[in-house]
file work-v6.cif (mmCIF, C-alpha atoms (C1' of nucleotides))
data_data
#
loop_
_atom_site.label_atom_id
_atom_site.label_comp_id
_atom_site.auth_asym_id
_atom_site.auth_seq_id
_atom_site.Cartn_x
_atom_site.Cartn_y
_atom_site.Cartn_z
CA MET X 278 0.00 0.00 0.00
CA THR X 279 2.55 2.55 1.10
CA LYS X 280 4.82 3.69 -1.67
CA ARG X 281 7.61 1.18 -2.06
CA SER X 282 10.28 3.46 -3.41
CA TYR X 283 11.87 2.25 -6.60
CA HIS X 284 11.48 -1.48 -6.14
CA HIS X 285 7.94 -2.68 -6.13
CA GLY X 286 8.26 -5.96 -4.31
CA ASP X 287 6.35 -8.28 -6.60
CA LEU X 288 5.72 -6.50 -9.83
CA ARG X 289 5.26 -9.70 -11.75
CA ALA X 290 2.29 -10.83 -9.67
CA ALA X 291 0.88 -7.31 -9.65
CA LEU X 292 1.02 -7.24 -13.43
CA LEU X 293 -0.87 -10.50 -13.72
CA ASP X 294 -3.58 -9.19 -11.39
CA VAL X 295 -3.93 -5.81 -12.97
CA ALA X 296 -3.90 -7.27 -16.48
CA ILE X 297 -6.91 -9.44 -15.70
CA GLU X 298 -8.61 -6.40 -14.22
CA ALA X 299 -7.96 -4.36 -17.34
CA ILE X 300 -9.09 -7.18 -19.62
CA ALA X 301 -12.31 -7.56 -17.66
CA GLU X 302 -12.96 -3.86 -18.12
CA GLN X 303 -11.91 -3.26 -21.70
CA GLY X 304 -11.41 -6.61 -23.34
CA VAL X 305 -8.18 -8.34 -24.22
CA ALA X 306 -7.95 -6.47 -27.50
CA HIS X 307 -7.45 -3.20 -25.64
CA LEU X 308 -4.99 -4.55 -23.10
CA SER X 309 -1.99 -2.26 -22.89
CA LEU X 310 1.19 -2.94 -20.97
CA ARG X 311 1.62 0.79 -20.51
CA ASP X 312 -1.82 1.01 -18.98
CA CYS X 313 -1.00 -1.84 -16.62
CA ALA X 314 2.17 -0.07 -15.58
CA ARG X 315 0.20 3.11 -15.03
CA ARG X 316 -2.34 1.34 -12.84
CA ILE X 317 0.41 -0.04 -10.68
CA GLY X 318 2.26 3.26 -10.59
CA VAL X 319 5.40 2.13 -12.28
CA SER X 320 7.17 3.32 -15.40
CA HIS X 321 6.01 2.27 -18.83
CA ALA X 322 8.98 -0.02 -19.47
CA ALA X 323 9.04 -1.75 -16.10
CA PRO X 324 6.87 -4.66 -17.28
CA TYR X 325 9.59 -5.66 -19.72
CA ARG X 326 11.79 -6.72 -16.82
CA HIS X 327 9.26 -9.52 -16.21
CA PHE X 328 7.72 -10.27 -19.59
CA ALA X 329 9.67 -10.09 -22.82
CA THR X 330 6.53 -9.29 -24.70
CA LYS X 331 2.82 -8.61 -24.28
CA GLU X 332 2.15 -12.12 -25.53
CA ALA X 333 4.41 -13.49 -22.83
CA LEU X 334 2.19 -11.84 -20.24
CA LEU X 335 -0.87 -13.47 -21.77
CA LEU X 336 0.91 -16.83 -21.87
CA ALA X 337 1.69 -16.47 -18.17
CA LEU X 338 -1.97 -15.76 -17.48
CA ALA X 339 -2.95 -18.87 -19.40
CA GLU X 340 -0.47 -20.98 -17.46
CA GLN X 341 -1.78 -19.54 -14.19
CA GLY X 342 -5.32 -20.36 -15.25
CA PHE X 343 -4.53 -23.98 -16.07
CA ARG X 344 -2.82 -24.41 -12.73
CA TRP X 345 -5.87 -23.03 -10.91
CA LEU X 346 -8.14 -25.25 -12.96
CA VAL X 347 -6.18 -28.37 -12.10
CA ASP X 348 -6.23 -27.40 -8.42
CA GLU X 349 -9.96 -26.81 -8.37
CA ALA X 350 -10.67 -29.97 -10.31
CA ARG X 351 -8.59 -32.05 -7.90
CA ALA X 352 -10.34 -30.47 -4.94
CA ALA X 353 -13.77 -31.16 -6.41
CA MET X 354 -12.90 -34.76 -7.21
CA ALA X 355 -11.43 -35.44 -3.78
CA ALA X 356 -14.91 -35.69 -2.30
CA CYS X 357 -16.02 -38.41 -4.70
CA GLU X 358 -15.27 -42.10 -4.67
CA GLN X 359 -17.05 -43.52 -7.69
CA PRO X 360 -15.13 -42.94 -10.94
CA ALA X 361 -18.26 -41.66 -12.66
CA GLU X 362 -18.84 -39.17 -9.87
CA ARG X 363 -15.28 -38.03 -10.05
CA LEU X 364 -15.53 -37.44 -13.77
CA ASP X 365 -18.65 -35.35 -13.45
CA ALA X 366 -17.12 -33.45 -10.56
CA TYR X 367 -14.31 -32.54 -12.92
CA GLY X 368 -16.81 -31.45 -15.53
CA VAL X 369 -18.75 -29.27 -13.17
CA ALA X 370 -15.55 -27.75 -11.81
CA TYR X 371 -14.46 -27.04 -15.36
CA VAL X 372 -17.61 -25.11 -16.20
CA ARG X 373 -17.63 -23.36 -12.87
CA PHE X 374 -14.04 -22.27 -13.38
CA ALA X 375 -14.92 -20.74 -16.72
CA VAL X 376 -17.85 -18.87 -15.19
CA ASP X 377 -15.76 -17.66 -12.27
CA HIS X 378 -12.74 -16.68 -14.37
CA PRO X 379 -14.03 -15.90 -17.85
CA GLU X 380 -11.03 -13.81 -18.85
CA HIS X 381 -8.63 -16.54 -17.85
CA HIS X 382 -10.67 -19.16 -19.64
CA ARG X 383 -10.71 -17.20 -22.86
CA ILE X 384 -6.98 -16.55 -22.73
CA MET X 385 -6.26 -20.18 -21.92
CA PHE X 386 -7.89 -21.19 -25.18
CA THR X 387 -6.62 -18.46 -27.42
CA SER X 388 -4.62 -20.77 -29.61
CA GLU X 389 -2.71 -18.03 -31.34
CA LEU X 390 -0.45 -18.12 -28.34
CA SER X 391 2.23 -20.70 -27.53
CA PRO X 392 3.60 -21.60 -30.92
CA GLU X 393 6.98 -22.39 -29.43
CA VAL X 394 7.09 -25.63 -27.51
CA ASP X 395 8.08 -25.16 -23.92
CA VAL X 396 11.11 -27.12 -22.92
CA ASP X 397 10.44 -27.12 -19.19
CA GLY X 398 8.31 -30.20 -19.00
CA PRO X 399 4.61 -30.58 -19.79
CA SER X 400 2.58 -27.40 -19.44
CA ALA X 401 -0.23 -27.04 -16.97
CA ALA X 402 -2.59 -27.36 -19.93
CA ASP X 403 -1.26 -30.79 -20.73
CA GLU X 404 -1.63 -31.74 -17.10
CA ALA X 405 -5.27 -30.64 -17.10
CA PHE X 406 -6.01 -32.80 -20.11
CA ALA X 407 -4.06 -35.76 -18.80
CA LEU X 408 -6.07 -35.62 -15.60
CA LEU X 409 -9.26 -35.65 -17.62
CA VAL X 410 -8.17 -38.59 -19.74
CA GLU X 411 -7.34 -40.45 -16.56
CA GLN X 412 -10.84 -39.96 -15.17
CA ALA X 413 -12.51 -40.80 -18.45
CA ALA X 414 -10.46 -43.97 -18.79
CA ALA X 415 -11.63 -45.08 -15.36
CA VAL X 416 -15.23 -44.78 -16.50
CA SER X 417 -15.43 -46.05 -20.05
CA GLU X 418 -14.28 -49.65 -19.80
CA SER X 419 -13.45 -50.81 -23.29
CA GLU X 420 -13.76 -47.74 -25.49
CA ASP X 421 -10.90 -45.71 -26.81
CA PRO X 422 -10.34 -43.72 -23.64
CA GLU X 423 -8.77 -40.78 -25.38
CA ALA X 424 -11.74 -40.42 -27.70
CA ALA X 425 -14.08 -40.59 -24.72
CA ALA X 426 -12.05 -37.96 -22.93
CA PHE X 427 -12.14 -35.80 -26.00
CA ALA X 428 -15.92 -36.10 -26.24
CA TYR X 429 -16.28 -35.25 -22.58
CA TRP X 430 -13.91 -32.34 -22.82
CA SER X 431 -15.77 -31.06 -25.86
CA LEU X 432 -19.06 -30.93 -24.02
CA VAL X 433 -17.82 -29.12 -20.95
CA HIS X 434 -15.60 -26.84 -22.99
CA GLY X 435 -18.43 -25.92 -25.32
CA MET X 436 -20.75 -25.25 -22.40
CA SER X 437 -18.18 -23.01 -20.80
CA MET X 438 -17.63 -21.05 -23.97
CA LEU X 439 -21.30 -20.58 -24.74
CA ILE X 440 -22.02 -19.45 -21.20
CA ILE X 441 -19.26 -16.89 -20.99
CA ASP X 442 -20.04 -15.69 -24.48
CA GLY X 443 -23.54 -14.87 -23.32
CA ARG X 444 -25.33 -17.42 -25.47
CA VAL X 445 -27.22 -18.87 -22.53
CA PRO X 446 -30.32 -16.93 -21.43
CA ALA X 447 -29.70 -15.14 -18.16
CA GLU X 448 -32.67 -16.79 -16.43
CA ARG X 449 -30.91 -20.13 -16.69
CA LEU X 450 -27.96 -18.73 -14.77
CA ALA X 451 -29.79 -16.98 -11.96
CA SER X 452 -28.10 -18.55 -8.96
CA ARG X 453 -24.65 -19.92 -8.44
CA GLY X 454 -25.96 -23.45 -8.22
CA ALA X 455 -27.59 -22.90 -11.58
CA VAL X 456 -24.31 -23.49 -13.34
CA GLU X 457 -23.94 -26.93 -11.80
CA GLU X 458 -27.57 -27.70 -12.55
CA LEU X 459 -27.11 -26.67 -16.16
CA ALA X 460 -24.06 -28.85 -16.55
CA ARG X 461 -25.65 -31.91 -14.98
CA THR X 462 -28.75 -31.44 -17.11
CA ALA X 463 -26.61 -31.46 -20.23
CA PHE X 464 -24.86 -34.66 -19.08
CA ARG X 465 -28.22 -36.30 -18.42
CA ILE X 466 -29.71 -35.29 -21.75
CA TRP X 467 -26.81 -36.71 -23.68
CA ARG X 468 -26.56 -39.93 -21.74
CA SER X 469 -30.30 -40.51 -22.02
CA GLY X 470 -29.93 -40.42 -25.78
CA ALA X 471 -32.65 -37.79 -25.97
CA VAL X 472 -30.72 -35.76 -28.45
CA MET Y 246 -5.81 -6.61 -61.63
CA THR Y 247 -5.25 -3.52 -63.68
CA LYS Y 248 -5.07 -0.39 -61.60
CA ARG Y 249 -8.59 0.85 -61.00
CA SER Y 250 -7.94 4.55 -60.76
CA TYR Y 251 -9.16 6.15 -57.59
CA HIS Y 252 -12.29 4.08 -57.00
CA HIS Y 253 -11.63 0.48 -56.17
CA GLY Y 254 -14.90 -1.11 -57.13
CA ASP Y 255 -15.69 -3.17 -54.05
CA LEU Y 256 -13.33 -2.17 -51.32
CA ARG Y 257 -15.60 -3.45 -48.59
CA ALA Y 258 -15.50 -7.02 -49.85
CA ALA Y 259 -11.80 -6.75 -50.54
CA LEU Y 260 -11.23 -5.66 -46.97
CA LEU Y 261 -13.13 -8.63 -45.58
CA ASP Y 262 -11.08 -11.01 -47.72
CA VAL Y 263 -7.73 -9.49 -47.00
CA ALA Y 264 -8.48 -9.20 -43.29
CA ILE Y 265 -9.07 -12.94 -43.02
CA GLU Y 266 -5.86 -13.50 -44.94
CA ALA Y 267 -3.91 -11.27 -42.57
CA ILE Y 268 -5.47 -12.88 -39.51
CA ALA Y 269 -4.59 -16.32 -40.79
CA GLU Y 270 -1.00 -15.21 -41.19
CA GLN Y 271 -0.42 -13.12 -38.07
CA GLY Y 272 -3.32 -13.71 -35.73
CA VAL Y 273 -6.23 -11.44 -34.96
CA ALA Y 274 -4.21 -9.59 -32.33
CA HIS Y 275 -1.89 -8.23 -34.99
CA LEU Y 276 -4.61 -7.31 -37.46
CA SER Y 277 -4.06 -3.78 -38.69
CA LEU Y 278 -6.41 -1.79 -40.85
CA ARG Y 279 -3.44 0.05 -42.29
CA ASP Y 280 -1.87 -3.23 -43.29
CA CYS Y 281 -5.09 -4.33 -44.98
CA ALA Y 282 -5.21 -1.07 -46.88
CA ARG Y 283 -1.60 -1.55 -47.90
CA ARG Y 284 -2.25 -5.08 -49.17
CA ILE Y 285 -5.08 -3.81 -51.31
CA GLY Y 286 -3.08 -0.83 -52.50
CA VAL Y 287 -5.27 1.84 -51.06
CA SER Y 288 -4.59 4.66 -48.65
CA HIS Y 289 -4.43 4.09 -44.92
CA ALA Y 290 -7.73 5.85 -44.18
CA ALA Y 291 -9.79 4.32 -46.97
CA PRO Y 292 -11.12 1.48 -44.80
CA TYR Y 293 -12.88 4.01 -42.62
CA ARG Y 294 -15.30 4.76 -45.46
CA HIS Y 295 -16.64 1.23 -44.98
CA PHE Y 296 -16.05 0.40 -41.33
CA ALA Y 297 -16.33 2.97 -38.58
CA THR Y 298 -13.86 1.06 -36.51
CA LYS Y 299 -11.61 -1.97 -36.50
CA GLU Y 300 -14.15 -3.73 -34.32
CA ALA Y 301 -16.81 -3.04 -36.93
CA LEU Y 302 -14.72 -4.91 -39.47
CA LEU Y 303 -14.48 -7.89 -37.12
CA LEU Y 304 -18.21 -7.76 -36.46
CA ALA Y 305 -18.84 -7.83 -40.19
CA LEU Y 306 -16.61 -10.88 -40.49
CA ALA Y 307 -18.57 -12.59 -37.71
CA GLU Y 308 -21.85 -11.82 -39.42
CA GLN Y 309 -20.49 -13.16 -42.70
CA GLY Y 310 -19.37 -16.32 -40.94
CA PHE Y 311 -22.75 -16.98 -39.37
CA ARG Y 312 -24.45 -16.52 -42.71
CA TRP Y 313 -22.11 -19.04 -44.33
CA LEU Y 314 -22.64 -21.44 -41.45
CA VAL Y 315 -26.42 -21.28 -41.80
CA ASP Y 316 -26.13 -21.85 -45.54
CA GLU Y 317 -23.85 -24.84 -45.17
CA ALA Y 318 -25.96 -26.33 -42.39
CA ARG Y 319 -29.11 -26.01 -44.49
CA ALA Y 320 -27.37 -27.61 -47.46
CA ALA Y 321 -26.12 -30.50 -45.33
CA MET Y 322 -29.55 -31.09 -43.81
CA ALA Y 323 -31.35 -30.97 -47.13
CA ALA Y 324 -30.15 -34.47 -47.96
CA CYS Y 325 -31.62 -35.99 -44.79
CA GLU Y 326 -35.19 -36.92 -44.02
CA GLN Y 327 -35.13 -38.31 -40.50
CA PRO Y 328 -35.04 -35.58 -37.82
CA ALA Y 329 -32.19 -37.32 -36.03
CA GLU Y 330 -30.17 -37.48 -39.21
CA ARG Y 331 -30.83 -33.84 -39.91
CA LEU Y 332 -29.63 -32.87 -36.46
CA ASP Y 333 -26.39 -34.78 -36.80
CA ALA Y 334 -25.90 -33.36 -40.28
CA TYR Y 335 -26.07 -29.93 -38.69
CA GLY Y 336 -23.56 -30.96 -36.08
CA VAL Y 337 -21.10 -32.33 -38.59
CA ALA Y 338 -21.49 -29.24 -40.76
CA TYR Y 339 -20.84 -27.09 -37.73
CA VAL Y 340 -17.58 -28.77 -36.92
CA ARG Y 341 -16.54 -28.90 -40.54
CA PHE Y 342 -17.22 -25.20 -40.89
CA ALA Y 343 -14.96 -24.46 -37.95
CA VAL Y 344 -12.18 -26.59 -39.44
CA ASP Y 345 -12.56 -24.99 -42.85
CA HIS Y 346 -12.81 -21.42 -41.56
CA PRO Y 347 -11.00 -21.34 -38.24
CA GLU Y 348 -10.44 -17.58 -38.28
CA HIS Y 349 -14.10 -16.91 -38.90
CA HIS Y 350 -15.14 -19.35 -36.22
CA ARG Y 351 -12.92 -17.74 -33.63
CA ILE Y 352 -14.12 -14.26 -34.50
CA MET Y 353 -17.75 -15.39 -34.45
CA PHE Y 354 -17.36 -16.41 -30.84
CA THR Y 355 -15.24 -13.58 -29.57
CA SER Y 356 -17.86 -12.30 -27.21
CA GLU Y 357 -16.12 -9.03 -26.53
CA LEU Y 358 -17.74 -7.86 -29.72
CA SER Y 359 -21.36 -6.88 -30.25
CA PRO Y 360 -22.20 -5.23 -26.96
CA GLU Y 361 -24.77 -2.98 -28.66
CA VAL Y 362 -27.92 -4.81 -29.65
CA ASP Y 363 -28.57 -4.63 -33.35
CA VAL Y 364 -31.86 -3.07 -34.26
CA ASP Y 365 -32.13 -4.55 -37.72
CA GLY Y 366 -33.81 -7.79 -36.83
CA PRO Y 367 -32.24 -10.97 -35.49
CA SER Y 368 -28.60 -11.42 -36.37
CA ALA Y 369 -27.32 -14.31 -38.40
CA ALA Y 370 -26.02 -15.76 -35.12
CA ASP Y 371 -29.51 -15.87 -33.69
CA GLU Y 372 -30.72 -17.52 -36.85
CA ALA Y 373 -28.04 -20.18 -36.58
CA PHE Y 374 -29.09 -21.03 -33.03
CA ALA Y 375 -32.79 -20.92 -33.83
CA LEU Y 376 -32.22 -23.41 -36.62
CA LEU Y 377 -30.42 -25.70 -34.20
CA VAL Y 378 -33.17 -25.46 -31.58
CA GLU Y 379 -35.67 -26.34 -34.28
CA GLN Y 380 -33.82 -29.51 -35.20
CA ALA Y 381 -33.25 -30.50 -31.60
CA ALA Y 382 -36.90 -29.98 -30.77
CA ALA Y 383 -37.86 -32.32 -33.59
CA VAL Y 384 -35.72 -35.03 -32.03
CA SER Y 385 -36.15 -34.86 -28.28
CA GLU Y 386 -39.81 -35.54 -27.73
CA SER Y 387 -40.65 -34.46 -24.23
CA GLU Y 388 -37.53 -32.82 -22.86
CA ASP Y 389 -36.95 -29.12 -22.56
CA PRO Y 390 -35.99 -28.58 -26.20
CA GLU Y 391 -33.92 -25.51 -25.53
CA ALA Y 392 -31.85 -27.36 -22.96
CA ALA Y 393 -31.36 -30.21 -25.40
CA ALA Y 394 -30.31 -27.77 -28.10
CA PHE Y 395 -27.91 -26.17 -25.70
CA ALA Y 396 -26.37 -29.51 -24.81
CA TYR Y 397 -26.01 -30.38 -28.46
CA TRP Y 398 -24.56 -27.02 -29.35
CA SER Y 399 -22.12 -27.32 -26.48
CA LEU Y 400 -20.72 -30.58 -27.77
CA VAL Y 401 -20.22 -29.48 -31.36
CA HIS Y 402 -18.97 -26.08 -30.31
CA GLY Y 403 -16.48 -27.55 -27.89
CA MET Y 404 -15.25 -30.03 -30.47
CA SER Y 405 -14.76 -27.23 -32.96
CA MET Y 406 -12.84 -25.12 -30.51
CA LEU Y 407 -10.59 -27.92 -29.34
CA ILE Y 408 -9.81 -28.94 -32.90
CA ILE Y 409 -8.92 -25.51 -34.19
CA ASP Y 410 -6.98 -24.78 -31.02
CA GLY Y 411 -4.80 -27.77 -31.81
CA ARG Y 412 -5.82 -29.87 -28.82
CA VAL Y 413 -6.62 -32.88 -30.97
CA PRO Y 414 -3.66 -34.99 -32.04
CA ALA Y 415 -2.89 -34.53 -35.71
CA GLU Y 416 -3.19 -38.24 -36.47
CA ARG Y 417 -6.89 -38.08 -35.65
CA LEU Y 418 -7.36 -35.41 -38.31
CA ALA Y 419 -5.42 -36.96 -41.16
CA SER Y 420 -8.04 -36.94 -43.88
CA ARG Y 421 -10.96 -34.65 -44.55
CA GLY Y 422 -13.43 -37.35 -43.67
CA ALA Y 423 -11.66 -37.68 -40.36
CA VAL Y 424 -13.46 -34.64 -39.02
CA GLU Y 425 -16.85 -36.18 -39.68
CA GLU Y 426 -15.68 -39.47 -38.21
CA LEU Y 427 -14.44 -37.70 -35.10
CA ALA Y 428 -17.73 -35.90 -34.63
CA ARG Y 429 -19.86 -38.98 -35.12
CA THR Y 430 -17.66 -40.93 -32.74
CA ALA Y 431 -18.22 -38.31 -30.08
CA PHE Y 432 -21.99 -38.44 -30.62
CA ARG Y 433 -21.93 -42.23 -30.33
CA ILE Y 434 -19.84 -42.25 -27.19
CA TRP Y 435 -22.15 -39.86 -25.41
CA ARG Y 436 -25.35 -41.53 -26.52
CA SER Y 437 -24.04 -44.95 -25.51
CA GLY Y 438 -23.57 -43.63 -22.01
CA ALA Y 439 -19.98 -44.83 -22.11
CA VAL Y 440 -18.76 -41.64 -20.51
"C1'" DC V 101 -24.97 16.95 -73.15
"C1'" DC V 102 -23.96 19.48 -68.96
"C1'" DT V 103 -23.87 20.13 -63.94
"C1'" DC V 104 -23.46 19.18 -59.48
"C1'" DC V 105 -23.47 16.26 -55.54
"C1'" DA V 106 -23.03 12.27 -52.69
"C1'" DG V 107 -20.00 8.47 -52.24
"C1'" DT V 108 -15.50 7.09 -52.18
"C1'" DG V 109 -10.45 7.56 -51.80
"C1'" DT V 110 -6.32 10.69 -50.10
"C1'" DT V 111 -3.23 13.47 -47.18
"C1'" DG V 112 -2.01 15.14 -42.90
"C1'" DT V 113 -2.16 14.87 -38.14
"C1'" DC V 114 -2.66 13.38 -33.17
"C1'" DA V 115 -2.39 10.61 -29.16
"C1'" DC V 116 -1.10 6.20 -27.97
"C1'" DT V 117 1.25 1.74 -28.14
"C1'" DG V 118 5.07 -2.08 -28.11
"C1'" DT V 119 9.70 -2.40 -27.83
"C1'" DC V 120 14.51 -1.32 -27.26
"C1'" DA V 121 18.82 0.99 -25.44
"C1'" DA V 122 21.09 3.59 -22.02
"C1'" DC V 123 21.05 4.88 -17.46
"C1'" DA V 124 19.78 4.82 -12.21
"C1'" DT V 125 18.97 2.59 -7.92
"C1'" DA V 126 18.59 -0.79 -4.45
"C1'" DA V 127 19.63 -5.27 -1.95
"C1'" DG V 128 22.34 -8.70 -0.57
"C1'" DG V 129 26.42 -11.95 -0.79
"C1'" DG V 130 31.70 -11.91 -0.99
"C1'" DC M 62 32.02 -2.40 2.98
"C1'" DC M 63 31.80 -2.75 -1.86
"C1'" DC M 64 30.23 -4.28 -6.06
"C1'" DT M 65 27.49 -7.39 -8.83
"C1'" DT M 66 22.97 -8.11 -10.38
"C1'" DA M 67 18.13 -7.70 -10.46
"C1'" DT M 68 14.94 -4.34 -10.97
"C1'" DG M 69 13.03 0.17 -12.22
"C1'" DT M 70 13.42 4.78 -15.16
"C1'" DT M 71 13.98 7.90 -19.13
"C1'" DG M 72 14.08 8.67 -23.77
"C1'" DA M 73 13.47 7.35 -28.34
"C1'" DC M 74 11.36 5.22 -32.71
"C1'" DA M 75 8.29 3.14 -35.81
"C1'" DG M 76 3.64 1.61 -36.31
"C1'" DT M 77 -1.35 2.08 -35.21
"C1'" DG M 78 -6.47 3.69 -34.80
"C1'" DA M 79 -8.95 7.47 -35.60
"C1'" DC M 80 -10.36 11.94 -37.21
"C1'" DA M 81 -10.62 16.26 -40.23
"C1'" DA M 82 -10.00 18.55 -44.40
"C1'" DC M 83 -9.53 17.92 -49.10
"C1'" DA M 84 -9.81 15.54 -54.01
"C1'" DC M 85 -11.77 12.80 -57.48
"C1'" DT M 86 -15.67 10.69 -60.10
"C1'" DG M 87 -19.71 8.51 -61.67
"C1'" DG M 88 -24.27 8.92 -62.23
"C1'" DA M 89 -29.01 11.39 -61.49
"C1'" DG M 90 -31.72 15.21 -62.89
"C1'" DG M 91 -32.11 18.97 -65.71
#
call {"tool": "encode", "arguments": {"input": "work-v6.cif", "output": "C-alpha cells"}}
result
Amino acid sequence: MTKRSYHHGDLRAALLDVAIEAIAEQGVAHLSLRDCARRIGVSHAAPYRHFATKEALLLALAEQGFRWLVDEARAAMAACEQPAERLDAYGVAYVRFAVDHPEHHRIMFTSELSPEVDVDGPSAADEAFALLVEQAAAVSESEDPEAAAFAYWSLVHGMSMLIIDGRVPAERLASRGAVEELARTAFRIWRSGAV
Amino acid sequence: MTKRSYHHGDLRAALLDVAIEAIAEQGVAHLSLRDCARRIGVSHAAPYRHFATKEALLLALAEQGFRWLVDEARAAMAACEQPAERLDAYGVAYVRFAVDHPEHHRIMFTSELSPEVDVDGPSAADEAFALLVEQAAAVSESEDPEAAAFAYWSLVHGMSMLIIDGRVPAERLASRGAVEELARTAFRIWRSGAV
DNA sequence: CCTCCAGTGTTGTCACTGTCAACATAAGGG
DNA sequence: CCCTTATGTTGACAGTGACAACACTGGAGG
C-alpha cells in the first residue's frame, strides 16, 4: 500500500492481477502494458523486466489459469469415490471455473499463443487434459479412452464457452448453483440419448 | 488486376477477404487496418469509409461467418429426411465449418464484440441457433428442447474449438473425412452412455 | 450533353502503443 | 564495505487507430 520506493516488491504478480482487471474492463484487444504499468504506478517499461513481450504476459496468465483449474478440479474430485462421480465433478468444476474466471478461460484457449514448444516439461494445460483422460479412462471400460475424454472435454468446454459468451439466457444462470444444474442437465440429456 | 484509378470497385468485400488473410498469417491480435489497406493498395484511411472502426470490421466478419454457417448447415440437412439425421448433419457441418474457416469461427465467438444490440432484426447468429433449436426440438420428444439444443450445441462447439486450437492430435485429423468421423464418434460415445 | 453532388479515396495529423537501449537505484552476498 | 545483479526509469522510434480537411468521379436530374 505505502509507496515502495523504486522497487515494487512483486511487480510480476501485480502485473498479472492488474492485467486481468484491465481485460475484464476493456477486453483483451485493448490490453496495454503501458496502462497496466500506469495502474500499478510504475514506469512504462518496467513490465519488460518480467515479460519479454505482451504475448508473454498473456501466456503467463494462461499458465496460471490452467494451474488453478487443475487445483480446483482435484479439490472437487477429492470428495467423490465412484469414478463416474469423479468425472462429473471434474466437468462441473471445469464449467464453474470458466464462469468464475471468464477472462482466464478465454486466454487459456486463445490458440494463437504458444507456438513455441516449452522445454520445461509438460505445461499445466497438458496436465489438465491428462487428468481428464485419466478420469474418463476409469469410467469407459473398453472404449478408446482418449476419444471418450475428447468427447467429454468437448461438451464441458463448449458449455463453458457458450455461457461466458452470453449465449445462454440469463434466467438459466440466476443462482450460483444454476451453473452446476445446467451442466448436470446437459450430461443427463446426452446420456439418455434424448438428443 | 489492372489499376482501377481512384475508385476500387468493391473495397468493402476486398477488406473482408484481405483481413481474413492477414489474420490467418499473423493472428487477430496483430490485425491492422493500415496493413489491410496496404495489401489492397489503397490509402491508410480508406477502410474508414466502410467500417467505422476496426471492431466493426471484425463484427462484419462474424456476421459473414454466421451466414455461411447457416447456408452450409441447411445444405447439409437438405439431404436428410429423419429428424435425427438432420440434427447430426447440422452438427457435422458445424464442426466442418470451424475446421474450414477457423479464423471466422474464432471471431464469431469472440464475445467481446457486439455489446450494442442490433436493431435490424435478429442477427445471423440468432438464426443459426434458432435453426439448431428447431432440429433439436424435432428429435427430443418431451424434454426441454432448448436445454437439449444447448447440450447439443455445447458438444459441437467444444469439439470445434478444441480442434482448431490444436488440442486434438494430428493423427486423428489426417483426412478430410476424419473430421466427420471424429464428430460422429463423439456423438456415439455420449449416446451410448460410455462416458 | 452538362452540372453538381453524394459516395468514395487521399493526405495530414494526433495521441497512444510495443519495444529497445542507455542509465539509475537498491539489496544482498563476498 | 563494496560491487554485482536484479529491478526500475527515461528517452526514443516506428507503427497504429482514428479523425478532419480535401480531391476525385460517376451517375441522377435537368
call {"tool": "interface_residues", "arguments": {"input": "work-v6.cif", "of": "chain M", "to": "chain X", "cutoff": "10 Å", "atoms": "only C-alpha atoms (C1' of nucleotides)", "output": "VMD selection string"}}
result
chain M and resid 67 to 71
call {"tool": "write_last_selection", "arguments": {"input": "work-v6.cif", "atoms": "C-alpha atoms (C1' of nucleotides)", "output": "short mmCIF file (atom, residue, chain, number, x, y, z; two decimals), in the frame of the given file"}}
result
data_model
loop_
_atom_site.label_atom_id
_atom_site.label_comp_id
_atom_site.auth_asym_id
_atom_site.auth_seq_id
_atom_site.Cartn_x
_atom_site.Cartn_y
_atom_site.Cartn_z
"C1'" DA M 67 18.13 -7.70 -10.46
"C1'" DT M 68 14.94 -4.34 -10.97
"C1'" DG M 69 13.03 0.17 -12.22
"C1'" DT M 70 13.42 4.78 -15.16
"C1'" DT M 71 13.98 7.90 -19.13
#
call {"tool": "resolve_selection", "arguments": {"input": "work-v6.cif", "expression": "the PyMOL selection byres ((chain M and resi 87) around 10)", "output": "list in words"}}
result
His252 of chain Y; DG107 of chain V; DC85, DT86, DG88 and DA89 of chain M
call {"tool": "resolve_selection", "arguments": {"input": "work-v6.cif", "expression": "the PyMOL selection byres ((chain X and resi 297-306) around 7)", "output": "compact mmCIF listing (two decimals) with C-alpha atoms, keeping the file's coordinate frame"}}
result
# COMPACT_ATOMS: atom_id res chain seq x y z
CA LEU X 293 -0.87 -10.50 -13.72
CA ASP X 294 -3.58 -9.19 -11.39
CA VAL X 295 -3.93 -5.81 -12.97
CA ALA X 296 -3.90 -7.27 -16.48
CA HIS X 307 -7.45 -3.20 -25.64
CA LEU X 308 -4.99 -4.55 -23.10
CA GLU X 380 -11.03 -13.81 -18.85
CA ALA Y 274 -4.21 -9.59 -32.33
CA GLU Y 357 -16.12 -9.03 -26.53
call {"tool": "closest_residue", "arguments": {"input": "work-v6.cif", "among": "V:DT108, V:DT103, V:DT113, V:DT125", "to": "chain Y", "atoms": "all atoms listed in the file"}}
result
V:DT108
call {"tool": "resolve_selection", "arguments": {"input": "work-v6.cif", "expression": "the PyMOL selection byres ((chain V and resi 102) around 12)", "output": "VMD selection string"}}
result
(chain V and resid 101 103 to 104) or (chain M and resid 90 to 91)
call {"tool": "interface_residues", "arguments": {"input": "work-v6.cif", "of": "chain X", "to": "chain Y", "cutoff": "6 Å", "atoms": "only C-alpha atoms", "output": "list of chain:residue names"}}
result
X:Ser388, X:Ser417, X:Ala428, X:Ser431, X:Leu432, X:His434, X:Gly435, X:Met436, X:Asp442, X:Ala463, X:Trp467, X:Arg468, X:Gly470, X:Ala471, X:Val472
call {"tool": "atom_distance", "arguments": {"input": "work-v6.cif", "atom1": "CA of Ser309 (chain X)", "atom2": "CA of Phe328 (chain X)"}}
result
13.0 Å
call {"tool": "residues_around", "arguments": {"input": "work-v6.cif", "residues": "Leu306 (chain Y)", "least_positions_apart": "6", "cutoff": "8 Å", "atoms": "all atoms listed in the file", "output": "list in words"}}
result
Leu261, His349, Ile352 and Met353 of chain Y
call {"tool": "residues_around", "arguments": {"input": "work-v6.cif", "residues": "region 342-347 of chain X", "least_positions_apart": "3", "cutoff": "8 Å", "atoms": "only C-alpha atoms (C1' of nucleotides)", "output": "list in words"}}
result
Leu338, Ala339, Ala350, Arg351, Ala370, Tyr371, Phe374, His381, His382, Met385, Ala401, Ala402, Glu404 and Ala405 of chain X
call {"tool": "interface_residues", "arguments": {"input": "work-v6.cif", "of": "chain V", "to": "chain X", "cutoff": "9 Å", "atoms": "all atoms listed in the file", "output": "VMD selection string"}}
result
chain V and resid 117 to 119 125 to 126
